[in-house]
file query.cif (mmCIF, N, CA and C atoms)
data_upload
#
loop_
_atom_site.label_atom_id
_atom_site.label_comp_id
_atom_site.auth_asym_id
_atom_site.auth_seq_id
_atom_site.Cartn_x
_atom_site.Cartn_y
_atom_site.Cartn_z
N MET T 524 -15.36 29.66 -74.31
CA MET T 524 -15.94 30.78 -73.56
C MET T 524 -15.81 30.51 -72.07
N ALA T 525 -15.62 31.56 -71.31
CA ALA T 525 -15.45 31.46 -69.86
C ALA T 525 -16.72 31.92 -69.15
N LEU T 526 -16.92 31.40 -67.98
CA LEU T 526 -18.01 31.85 -67.13
C LEU T 526 -17.79 33.32 -66.80
N LYS T 527 -18.85 34.12 -66.90
CA LYS T 527 -18.72 35.56 -66.62
C LYS T 527 -19.06 35.90 -65.17
N ARG T 528 -20.15 35.33 -64.65
CA ARG T 528 -20.57 35.64 -63.28
C ARG T 528 -21.75 34.75 -62.91
N MET T 529 -22.11 34.76 -61.63
CA MET T 529 -23.35 34.15 -61.19
C MET T 529 -24.35 35.29 -61.03
N ASP T 530 -25.46 35.22 -61.73
CA ASP T 530 -26.42 36.32 -61.70
C ASP T 530 -27.24 36.37 -60.42
N ASN T 531 -27.83 35.24 -60.02
CA ASN T 531 -28.65 35.27 -58.82
C ASN T 531 -28.90 33.87 -58.30
N VAL T 532 -29.41 33.81 -57.08
CA VAL T 532 -29.90 32.59 -56.46
C VAL T 532 -31.40 32.79 -56.31
N GLY T 533 -32.18 31.78 -56.67
CA GLY T 533 -33.63 31.89 -56.59
C GLY T 533 -34.18 31.10 -55.42
N ILE T 534 -35.14 31.71 -54.73
CA ILE T 534 -35.81 31.06 -53.60
C ILE T 534 -37.32 31.24 -53.78
N VAL T 535 -38.07 30.14 -53.68
CA VAL T 535 -39.52 30.19 -53.77
C VAL T 535 -40.09 30.35 -52.37
N VAL T 536 -41.00 31.30 -52.19
CA VAL T 536 -41.60 31.59 -50.89
C VAL T 536 -43.12 31.65 -51.02
N GLU T 537 -43.79 31.57 -49.89
CA GLU T 537 -45.25 31.73 -49.87
C GLU T 537 -45.64 33.20 -49.68
N ASP T 538 -44.90 33.91 -48.83
CA ASP T 538 -45.23 35.30 -48.52
C ASP T 538 -44.10 36.19 -49.03
N LEU T 539 -44.30 36.76 -50.20
CA LEU T 539 -43.26 37.56 -50.85
C LEU T 539 -42.93 38.82 -50.05
N THR T 540 -43.93 39.48 -49.52
CA THR T 540 -43.71 40.70 -48.76
C THR T 540 -42.90 40.44 -47.50
N GLU T 541 -43.22 39.36 -46.79
CA GLU T 541 -42.46 39.00 -45.58
C GLU T 541 -41.01 38.71 -45.93
N ALA T 542 -40.77 38.00 -47.03
CA ALA T 542 -39.41 37.68 -47.44
C ALA T 542 -38.64 38.94 -47.83
N ILE T 543 -39.30 39.85 -48.55
CA ILE T 543 -38.67 41.12 -48.92
C ILE T 543 -38.28 41.90 -47.66
N ASP T 544 -39.20 41.98 -46.71
CA ASP T 544 -38.93 42.70 -45.47
C ASP T 544 -37.74 42.09 -44.71
N PHE T 545 -37.69 40.76 -44.66
CA PHE T 545 -36.62 40.07 -43.95
C PHE T 545 -35.27 40.35 -44.60
N PHE T 546 -35.19 40.15 -45.91
CA PHE T 546 -33.91 40.34 -46.59
C PHE T 546 -33.52 41.81 -46.67
N SER T 547 -34.50 42.72 -46.64
CA SER T 547 -34.19 44.16 -46.54
C SER T 547 -33.56 44.46 -45.19
N GLU T 548 -34.09 43.87 -44.13
CA GLU T 548 -33.53 44.05 -42.79
C GLU T 548 -32.10 43.51 -42.73
N LEU T 549 -31.85 42.43 -43.47
CA LEU T 549 -30.50 41.87 -43.53
C LEU T 549 -29.54 42.82 -44.24
N GLY T 550 -30.07 43.64 -45.16
CA GLY T 550 -29.22 44.62 -45.84
C GLY T 550 -29.29 44.57 -47.35
N LEU T 551 -30.09 43.65 -47.91
CA LEU T 551 -30.27 43.63 -49.36
C LEU T 551 -31.22 44.75 -49.76
N GLU T 552 -31.06 45.21 -50.99
CA GLU T 552 -31.90 46.30 -51.50
C GLU T 552 -32.86 45.75 -52.55
N LEU T 553 -34.12 46.14 -52.45
CA LEU T 553 -35.11 45.72 -53.44
C LEU T 553 -34.81 46.43 -54.75
N GLU T 554 -34.46 45.65 -55.75
CA GLU T 554 -34.13 46.20 -57.06
C GLU T 554 -35.39 46.36 -57.91
N GLY T 555 -36.35 45.46 -57.73
CA GLY T 555 -37.59 45.55 -58.48
C GLY T 555 -38.50 44.39 -58.17
N ARG T 556 -39.75 44.60 -58.50
CA ARG T 556 -40.79 43.60 -58.26
C ARG T 556 -41.62 43.52 -59.53
N ALA T 557 -41.97 42.30 -59.95
CA ALA T 557 -42.69 42.13 -61.21
C ALA T 557 -43.48 40.83 -61.20
N THR T 558 -44.31 40.68 -62.20
CA THR T 558 -45.03 39.44 -62.44
C THR T 558 -44.48 38.83 -63.72
N VAL T 559 -44.22 37.55 -63.66
CA VAL T 559 -43.72 36.81 -64.82
C VAL T 559 -44.76 35.77 -65.19
N GLU T 560 -45.21 35.83 -66.43
CA GLU T 560 -46.18 34.84 -66.88
C GLU T 560 -46.13 34.75 -68.39
N GLY T 561 -46.76 33.75 -68.89
CA GLY T 561 -46.84 33.60 -70.33
C GLY T 561 -46.10 32.38 -70.85
N GLU T 562 -46.33 32.13 -72.10
CA GLU T 562 -45.81 30.94 -72.77
C GLU T 562 -44.29 30.90 -72.77
N TRP T 563 -43.63 32.04 -72.98
CA TRP T 563 -42.17 32.08 -73.01
C TRP T 563 -41.57 31.64 -71.68
N ALA T 564 -42.16 32.08 -70.57
CA ALA T 564 -41.65 31.74 -69.25
C ALA T 564 -41.81 30.24 -68.98
N GLY T 565 -42.92 29.68 -69.39
CA GLY T 565 -43.16 28.25 -69.23
C GLY T 565 -42.19 27.41 -70.04
N ARG T 566 -41.76 27.92 -71.16
CA ARG T 566 -40.78 27.19 -71.98
C ARG T 566 -39.42 27.15 -71.27
N VAL T 567 -39.07 28.21 -70.55
CA VAL T 567 -37.79 28.24 -69.83
C VAL T 567 -37.83 27.27 -68.65
N THR T 568 -38.88 27.30 -67.86
CA THR T 568 -38.95 26.51 -66.63
C THR T 568 -39.47 25.09 -66.84
N GLY T 569 -40.12 24.84 -67.97
CA GLY T 569 -40.72 23.54 -68.20
C GLY T 569 -42.03 23.35 -67.48
N LEU T 570 -42.59 24.42 -66.93
CA LEU T 570 -43.84 24.33 -66.17
C LEU T 570 -45.07 24.66 -67.01
N GLY T 571 -44.90 25.01 -68.26
CA GLY T 571 -46.05 25.38 -69.08
C GLY T 571 -46.57 26.74 -68.67
N ASP T 572 -47.88 26.87 -68.60
CA ASP T 572 -48.52 28.14 -68.25
C ASP T 572 -48.24 28.45 -66.78
N GLN T 573 -47.51 29.50 -66.52
CA GLN T 573 -47.19 29.85 -65.13
C GLN T 573 -47.47 31.31 -64.88
N HIS T 574 -47.68 31.62 -63.62
CA HIS T 574 -47.92 32.99 -63.17
C HIS T 574 -47.15 33.14 -61.86
N VAL T 575 -46.10 33.96 -61.86
CA VAL T 575 -45.19 34.07 -60.73
C VAL T 575 -44.95 35.54 -60.40
N GLU T 576 -45.03 35.87 -59.12
CA GLU T 576 -44.61 37.19 -58.64
C GLU T 576 -43.16 37.06 -58.22
N ILE T 577 -42.31 37.99 -58.66
CA ILE T 577 -40.90 37.93 -58.27
C ILE T 577 -40.45 39.27 -57.69
N ALA T 578 -39.44 39.17 -56.86
CA ALA T 578 -38.76 40.36 -56.33
C ALA T 578 -37.28 40.09 -56.46
N MET T 579 -36.55 41.02 -57.07
CA MET T 579 -35.11 40.89 -57.20
C MET T 579 -34.46 41.77 -56.14
N MET T 580 -33.63 41.16 -55.31
CA MET T 580 -32.94 41.87 -54.24
C MET T 580 -31.45 41.85 -54.55
N ARG T 581 -30.79 42.98 -54.28
CA ARG T 581 -29.38 43.16 -54.63
C ARG T 581 -28.56 43.40 -53.36
N THR T 582 -27.37 42.81 -53.32
CA THR T 582 -26.46 43.08 -52.20
C THR T 582 -25.94 44.51 -52.32
N PRO T 583 -25.54 45.13 -51.22
CA PRO T 583 -25.08 46.52 -51.27
C PRO T 583 -23.92 46.77 -52.23
N ASP T 584 -23.07 45.76 -52.44
CA ASP T 584 -21.94 45.96 -53.36
C ASP T 584 -22.37 45.84 -54.82
N GLY T 585 -23.61 45.43 -55.08
CA GLY T 585 -24.13 45.34 -56.44
C GLY T 585 -23.70 44.11 -57.21
N HIS T 586 -22.94 43.22 -56.60
CA HIS T 586 -22.42 42.06 -57.32
C HIS T 586 -23.31 40.83 -57.27
N SER T 587 -24.18 40.71 -56.29
CA SER T 587 -25.00 39.50 -56.12
C SER T 587 -26.47 39.85 -55.99
N ARG T 588 -27.29 38.91 -56.43
CA ARG T 588 -28.74 39.11 -56.36
C ARG T 588 -29.43 37.86 -55.83
N LEU T 589 -30.55 38.10 -55.20
CA LEU T 589 -31.42 37.04 -54.69
C LEU T 589 -32.78 37.26 -55.34
N GLU T 590 -33.26 36.25 -56.06
CA GLU T 590 -34.58 36.35 -56.70
C GLU T 590 -35.58 35.59 -55.86
N LEU T 591 -36.53 36.30 -55.30
CA LEU T 591 -37.60 35.70 -54.51
C LEU T 591 -38.81 35.52 -55.42
N SER T 592 -39.39 34.32 -55.41
CA SER T 592 -40.52 34.02 -56.29
C SER T 592 -41.68 33.47 -55.50
N ARG T 593 -42.88 33.90 -55.86
CA ARG T 593 -44.11 33.36 -55.29
C ARG T 593 -44.95 32.84 -56.46
N PHE T 594 -45.10 31.52 -56.53
CA PHE T 594 -45.86 30.90 -57.62
C PHE T 594 -47.35 30.97 -57.34
N LEU T 595 -48.07 31.59 -58.26
CA LEU T 595 -49.53 31.61 -58.20
C LEU T 595 -50.08 30.43 -59.01
N ALA T 596 -49.39 30.10 -60.11
CA ALA T 596 -49.75 28.94 -60.93
C ALA T 596 -48.51 28.51 -61.69
N PRO T 597 -48.26 27.26 -61.82
CA PRO T 597 -48.94 26.15 -61.14
C PRO T 597 -48.62 26.17 -59.65
N PRO T 598 -49.39 25.40 -58.87
CA PRO T 598 -49.15 25.39 -57.43
C PRO T 598 -47.80 24.75 -57.09
N VAL T 599 -47.26 25.12 -55.95
CA VAL T 599 -46.01 24.55 -55.44
C VAL T 599 -46.23 23.06 -55.21
N VAL T 600 -45.22 22.24 -55.56
CA VAL T 600 -45.40 20.78 -55.45
C VAL T 600 -44.53 20.12 -54.39
N ALA T 601 -43.54 20.83 -53.85
CA ALA T 601 -42.67 20.23 -52.83
C ALA T 601 -42.23 21.31 -51.86
N ASP T 602 -41.82 20.89 -50.68
CA ASP T 602 -41.42 21.83 -49.63
C ASP T 602 -40.15 21.31 -48.97
N HIS T 603 -39.05 22.02 -49.20
CA HIS T 603 -37.76 21.61 -48.65
C HIS T 603 -37.26 22.58 -47.58
N ARG T 604 -38.12 23.50 -47.13
CA ARG T 604 -37.66 24.57 -46.25
C ARG T 604 -37.12 24.08 -44.92
N ASN T 605 -37.61 23.00 -44.41
CA ASN T 605 -37.16 22.55 -43.10
C ASN T 605 -36.23 21.35 -43.18
N ALA T 606 -35.64 21.12 -44.34
CA ALA T 606 -34.68 20.03 -44.48
C ALA T 606 -33.46 20.32 -43.63
N PRO T 607 -32.84 19.28 -43.05
CA PRO T 607 -31.63 19.50 -42.27
C PRO T 607 -30.46 19.92 -43.15
N VAL T 608 -29.41 20.41 -42.54
CA VAL T 608 -28.28 20.95 -43.31
C VAL T 608 -27.52 19.88 -44.09
N ASN T 609 -27.78 18.61 -43.84
CA ASN T 609 -27.11 17.55 -44.60
C ASN T 609 -28.02 16.92 -45.65
N ALA T 610 -29.12 17.59 -46.00
CA ALA T 610 -30.03 17.10 -47.03
C ALA T 610 -29.43 17.34 -48.42
N LEU T 611 -29.74 16.47 -49.36
CA LEU T 611 -29.26 16.63 -50.73
C LEU T 611 -29.94 17.82 -51.38
N GLY T 612 -29.24 18.44 -52.31
CA GLY T 612 -29.80 19.57 -53.05
C GLY T 612 -29.22 20.88 -52.56
N TYR T 613 -29.85 21.96 -52.95
CA TYR T 613 -29.39 23.28 -52.53
C TYR T 613 -29.52 23.40 -51.03
N LEU T 614 -28.48 23.93 -50.41
CA LEU T 614 -28.46 23.97 -48.96
C LEU T 614 -28.92 25.31 -48.41
N ARG T 615 -28.16 26.34 -48.71
CA ARG T 615 -28.44 27.64 -48.11
C ARG T 615 -27.74 28.71 -48.91
N VAL T 616 -28.08 29.95 -48.59
CA VAL T 616 -27.36 31.09 -49.13
C VAL T 616 -26.65 31.73 -47.94
N MET T 617 -25.39 32.18 -48.14
CA MET T 617 -24.63 32.77 -47.04
C MET T 617 -24.28 34.21 -47.36
N PHE T 618 -24.38 35.05 -46.33
CA PHE T 618 -24.07 36.47 -46.46
C PHE T 618 -22.98 36.84 -45.48
N THR T 619 -22.07 37.71 -45.89
CA THR T 619 -21.07 38.28 -45.00
C THR T 619 -21.65 39.56 -44.42
N VAL T 620 -21.56 39.69 -43.11
CA VAL T 620 -22.10 40.86 -42.41
C VAL T 620 -20.99 41.53 -41.59
N ASP T 621 -21.19 42.79 -41.23
CA ASP T 621 -20.21 43.52 -40.42
C ASP T 621 -20.19 43.02 -38.98
N ASP T 622 -21.38 42.79 -38.42
CA ASP T 622 -21.52 42.45 -37.00
C ASP T 622 -22.58 41.36 -36.87
N ILE T 623 -22.15 40.14 -36.63
CA ILE T 623 -23.08 39.01 -36.60
C ILE T 623 -24.07 39.13 -35.44
N ASP T 624 -23.61 39.64 -34.29
CA ASP T 624 -24.50 39.76 -33.13
C ASP T 624 -25.60 40.77 -33.39
N ASP T 625 -25.25 41.93 -33.94
CA ASP T 625 -26.24 42.94 -34.27
C ASP T 625 -27.22 42.41 -35.32
N THR T 626 -26.69 41.71 -36.33
CA THR T 626 -27.55 41.16 -37.39
C THR T 626 -28.54 40.17 -36.81
N LEU T 627 -28.06 39.28 -35.94
CA LEU T 627 -28.96 38.30 -35.31
C LEU T 627 -30.05 38.99 -34.50
N GLU T 628 -29.67 40.01 -33.77
CA GLU T 628 -30.64 40.74 -32.94
C GLU T 628 -31.74 41.36 -33.82
N ARG T 629 -31.33 41.98 -34.93
CA ARG T 629 -32.31 42.61 -35.84
C ARG T 629 -33.19 41.58 -36.53
N LEU T 630 -32.61 40.45 -36.92
CA LEU T 630 -33.38 39.45 -37.65
C LEU T 630 -34.28 38.62 -36.74
N ARG T 631 -33.93 38.51 -35.47
CA ARG T 631 -34.81 37.79 -34.53
C ARG T 631 -36.17 38.47 -34.43
N VAL T 632 -36.18 39.78 -34.54
CA VAL T 632 -37.45 40.53 -34.52
C VAL T 632 -38.34 40.11 -35.69
N ARG T 633 -37.73 39.67 -36.78
CA ARG T 633 -38.45 39.22 -37.97
C ARG T 633 -38.61 37.71 -38.01
N GLY T 634 -38.37 37.05 -36.86
CA GLY T 634 -38.64 35.62 -36.75
C GLY T 634 -37.45 34.69 -36.95
N ALA T 635 -36.25 35.23 -37.17
CA ALA T 635 -35.09 34.37 -37.39
C ALA T 635 -34.77 33.58 -36.13
N GLN T 636 -34.36 32.32 -36.32
CA GLN T 636 -33.96 31.47 -35.20
C GLN T 636 -32.60 30.87 -35.49
N LEU T 637 -31.72 30.93 -34.51
CA LEU T 637 -30.39 30.35 -34.63
C LEU T 637 -30.53 28.84 -34.72
N VAL T 638 -29.84 28.21 -35.69
CA VAL T 638 -29.92 26.77 -35.88
C VAL T 638 -29.06 26.04 -34.84
N GLY T 639 -27.82 26.41 -34.72
CA GLY T 639 -26.91 25.81 -33.73
C GLY T 639 -26.41 26.90 -32.82
N GLU T 640 -25.18 27.31 -33.04
CA GLU T 640 -24.62 28.42 -32.27
C GLU T 640 -23.66 29.19 -33.16
N VAL T 641 -23.29 30.37 -32.71
CA VAL T 641 -22.29 31.18 -33.41
C VAL T 641 -20.93 30.60 -33.03
N VAL T 642 -20.12 30.28 -34.06
CA VAL T 642 -18.81 29.69 -33.80
C VAL T 642 -17.73 30.52 -34.48
N GLU T 643 -16.51 30.37 -33.96
CA GLU T 643 -15.37 31.04 -34.57
C GLU T 643 -14.54 30.00 -35.32
N TYR T 644 -14.15 30.35 -36.55
CA TYR T 644 -13.35 29.47 -37.37
C TYR T 644 -11.95 30.06 -37.56
N LYS T 645 -10.96 29.47 -36.89
CA LYS T 645 -9.54 29.79 -37.06
C LYS T 645 -9.22 31.28 -37.02
N ASP T 646 -9.84 32.04 -36.14
CA ASP T 646 -9.58 33.47 -36.03
C ASP T 646 -9.80 34.23 -37.34
N VAL T 647 -10.57 33.64 -38.24
CA VAL T 647 -10.83 34.25 -39.55
C VAL T 647 -12.28 34.70 -39.66
N TYR T 648 -13.22 33.86 -39.21
CA TYR T 648 -14.65 34.14 -39.32
C TYR T 648 -15.39 33.78 -38.05
N ARG T 649 -16.49 34.47 -37.82
CA ARG T 649 -17.55 34.01 -36.91
C ARG T 649 -18.66 33.58 -37.85
N LEU T 650 -19.24 32.42 -37.62
CA LEU T 650 -20.23 31.85 -38.53
C LEU T 650 -21.44 31.32 -37.77
N CYS T 651 -22.59 31.33 -38.44
CA CYS T 651 -23.78 30.66 -37.90
C CYS T 651 -24.77 30.41 -39.02
N TYR T 652 -25.70 29.52 -38.76
CA TYR T 652 -26.86 29.30 -39.62
C TYR T 652 -28.09 29.77 -38.86
N ILE T 653 -29.01 30.36 -39.59
CA ILE T 653 -30.30 30.73 -39.01
C ILE T 653 -31.40 30.19 -39.91
N ARG T 654 -32.58 30.06 -39.35
CA ARG T 654 -33.79 29.81 -40.12
C ARG T 654 -34.48 31.16 -40.24
N GLY T 655 -34.69 31.58 -41.47
CA GLY T 655 -35.32 32.87 -41.74
C GLY T 655 -36.80 32.70 -42.02
N PRO T 656 -37.36 33.56 -42.87
CA PRO T 656 -38.79 33.47 -43.16
C PRO T 656 -39.11 32.12 -43.77
N GLU T 657 -40.19 31.52 -43.31
CA GLU T 657 -40.70 30.25 -43.83
C GLU T 657 -39.69 29.11 -43.65
N GLY T 658 -38.78 29.24 -42.68
CA GLY T 658 -37.84 28.18 -42.41
C GLY T 658 -36.63 28.13 -43.32
N LEU T 659 -36.44 29.13 -44.17
CA LEU T 659 -35.30 29.14 -45.09
C LEU T 659 -33.99 29.13 -44.33
N LEU T 660 -33.05 28.31 -44.79
CA LEU T 660 -31.73 28.22 -44.15
C LEU T 660 -30.81 29.29 -44.73
N ILE T 661 -30.24 30.11 -43.85
CA ILE T 661 -29.40 31.23 -44.24
C ILE T 661 -28.13 31.19 -43.41
N GLY T 662 -26.98 31.34 -44.05
CA GLY T 662 -25.71 31.41 -43.33
C GLY T 662 -25.27 32.85 -43.16
N LEU T 663 -24.67 33.14 -42.02
CA LEU T 663 -24.10 34.46 -41.77
C LEU T 663 -22.63 34.30 -41.43
N ALA T 664 -21.79 35.16 -41.97
CA ALA T 664 -20.36 35.13 -41.72
C ALA T 664 -19.88 36.54 -41.40
N GLN T 665 -19.04 36.64 -40.37
CA GLN T 665 -18.41 37.92 -40.02
C GLN T 665 -16.90 37.72 -40.10
N GLU T 666 -16.24 38.50 -40.96
CA GLU T 666 -14.79 38.41 -41.07
C GLU T 666 -14.16 39.02 -39.83
N LEU T 667 -13.12 38.39 -39.31
CA LEU T 667 -12.48 38.84 -38.08
C LEU T 667 -11.16 39.56 -38.32
N SER T 668 -10.87 39.97 -39.52
CA SER T 668 -9.60 40.61 -39.83
C SER T 668 -9.47 41.97 -39.20
#
call {"tool": "encode", "arguments": {"input": "query.cif", "output": "structure tokens"}}
result
Amino acid sequence: MALKRMDNVGIVVEDLTEAIDFFSELGLELEGRATVEGEWAGRVTGLGDQHVEIAMMRTPDGHSRLELSRFLAPPVVADHRNAPVNALGYLRVMFTVDDIDDTLERLRVRGAQLVGEVVEYKDVYRLCYIRGPEGLLIGLAQELS
């Protein structure tokens, strides 16, 4: 059997509404919001009895999703939001945008901070990393074709 697709990337946050607002401003669309709890969910995650609020956000092309989760129970046990870009584990999620300067301007209003600087890669992309809500590391890419 072959891999069919990647369904989503999951990010745990403290403030679900703030994260939804931020990623909506970036251009993702809220697909739905729900509560996940019960014995079946705990069997999947290995956390036992859990209670989680989730929001599924979809890219405009409909091919990618971002699942934002806020754990009510059990409590969060680790915090990797401010890890440097060379830390082990999941690093960041990257989005392609039409205009990186306009995107940065809009996201700064929602608290985004540029990590380094906007750089050009071989006349193909303009790229940067930002810290979004709760210090989440997010990459932005603008194609220069």
call {"tool": "residues_around", "arguments": {"input": "query.cif", "residues": "stretch 545-549 of chain T", "least_positions_apart": "4", "cutoff": "10 Å", "atoms": "only C-alpha atoms", "output": "ChimeraX atom specification"}}
result
/T:539-541,553,580-582,589,591,618,620,626-627,629-635,655-656,663
call {"tool": "closest_residue", "arguments": {"input": "query.cif", "among": "T:Gln665, T:Arg588, T:Leu637, T:Leu659", "to": "T:Asp624", "atoms": "only N, CA and C atoms"}}
result
T:Gln665
call {"tool": "atom_distance", "arguments": {"input": "query.cif", "atom1": "atom C of T:His586", "atom2": "atom N of T:Val616"}}
result
14.7 Å
call {"tool": "resolve_selection", "arguments": {"input": "query.cif", "expression": "the PyMOL selection byres ((chain T and resi 534) around 8)", "output": "MDAnalysis selection string"}}
result
chainID T and resid 531:533 535:537 589:593
call {"tool": "resolve_selection", "arguments": {"input": "query.cif", "expression": "the PyMOL selection byres (((chain T and resi 648 and name CA) around 7) and name CA)", "output": "compact mmCIF listing (two decimals) with N, CA and C atoms, in the frame of the given file"}}
result
# COMPACT_ATOMS: atom_id res chain seq x y z
N GLU T 643 -16.51 30.37 -33.96
CA GLU T 643 -15.37 31.04 -34.57
C GLU T 643 -14.54 30.00 -35.32
N TYR T 644 -14.15 30.35 -36.55
CA TYR T 644 -13.35 29.47 -37.37
C TYR T 644 -11.95 30.06 -37.56
N ASP T 646 -9.84 32.04 -36.14
CA ASP T 646 -9.58 33.47 -36.03
C ASP T 646 -9.80 34.23 -37.34
N VAL T 647 -10.57 33.64 -38.24
CA VAL T 647 -10.83 34.25 -39.55
C VAL T 647 -12.28 34.70 -39.66
N ARG T 649 -16.49 34.47 -37.82
CA ARG T 649 -17.55 34.01 -36.91
C ARG T 649 -18.66 33.58 -37.85
N LEU T 650 -19.24 32.42 -37.62
CA LEU T 650 -20.23 31.85 -38.53
C LEU T 650 -21.44 31.32 -37.77
N ALA T 664 -21.79 35.16 -41.97
CA ALA T 664 -20.36 35.13 -41.72
C ALA T 664 -19.88 36.54 -41.40
N GLN T 665 -19.04 36.64 -40.37
CA GLN T 665 -18.41 37.92 -40.02
C GLN T 665 -16.90 37.72 -40.10
N GLU T 666 -16.24 38.50 -40.96
CA GLU T 666 -14.79 38.41 -41.07
C GLU T 666 -14.16 39.02 -39.83
N LEU T 667 -13.12 38.39 -39.31
CA LEU T 667 -12.48 38.84 -38.08
C LEU T 667 -11.16 39.56 -38.32
call {"tool": "residues_around", "arguments": {"input": "query.cif", "residues": "T:Val575", "least_positions_apart": "2", "cutoff": "8 Å", "atoms": "only C-alpha atoms", "output": "PyMOL selection string"}}
result
chain T and resi 558-560+573+577+592-596
call {"tool": "resolve_selection", "arguments": {"input": "query.cif", "expression": "the PyMOL selection byres (((chain T and resi 652 and name CA) around 7) and name CA)", "output": "PyMOL selection string"}}
result
chain T and resi 637-639+651+653-654+660-663
call {"tool": "atom_distance", "arguments": {"input": "query.cif", "atom1": "atom CA of T:Tyr613", "atom2": "atom CA of T:Ser587"}}
result
17.2 Å
call {"tool": "atom_distance", "arguments": {"input": "query.cif", "atom1": "atom CA of T:Gly571", "atom2": "atom CA of T:Glu657"}}
result
26.3 Å
call {"tool": "select_by_dssp", "arguments": {"input": "query.cif", "residues": "chain T", "states": "strand (DSSP E or B)", "output": "ChimeraX atom specification"}}
result
/T:532-535,552-560,574-581,588-596,616-619,636-637,642-644,648-654,660-666
call {"tool": "select_by_dssp", "arguments": {"input": "query.cif", "residues": "stretch 524-650 of chain T", "states": "helix (DSSP H, G or I)", "output": "PyMOL selection string"}}
result
chain T and resi 539-549+562-568+623-631
call {"tool": "closest_residue", "arguments": {"input": "query.cif", "among": "T:Asp572, T:Arg566, T:His603, T:Pro583", "to": "T:Leu551", "atoms": "all atoms listed in the file"}}
result
T:Pro583
call {"tool": "residues_around", "arguments": {"input": "query.cif", "residues": "T:Leu570", "least_positions_apart": "5", "cutoff": "10 Å", "atoms": "only C-alpha atoms", "output": "PyMOL selection string"}}
result
chain T and resi 562+564-565+596-597
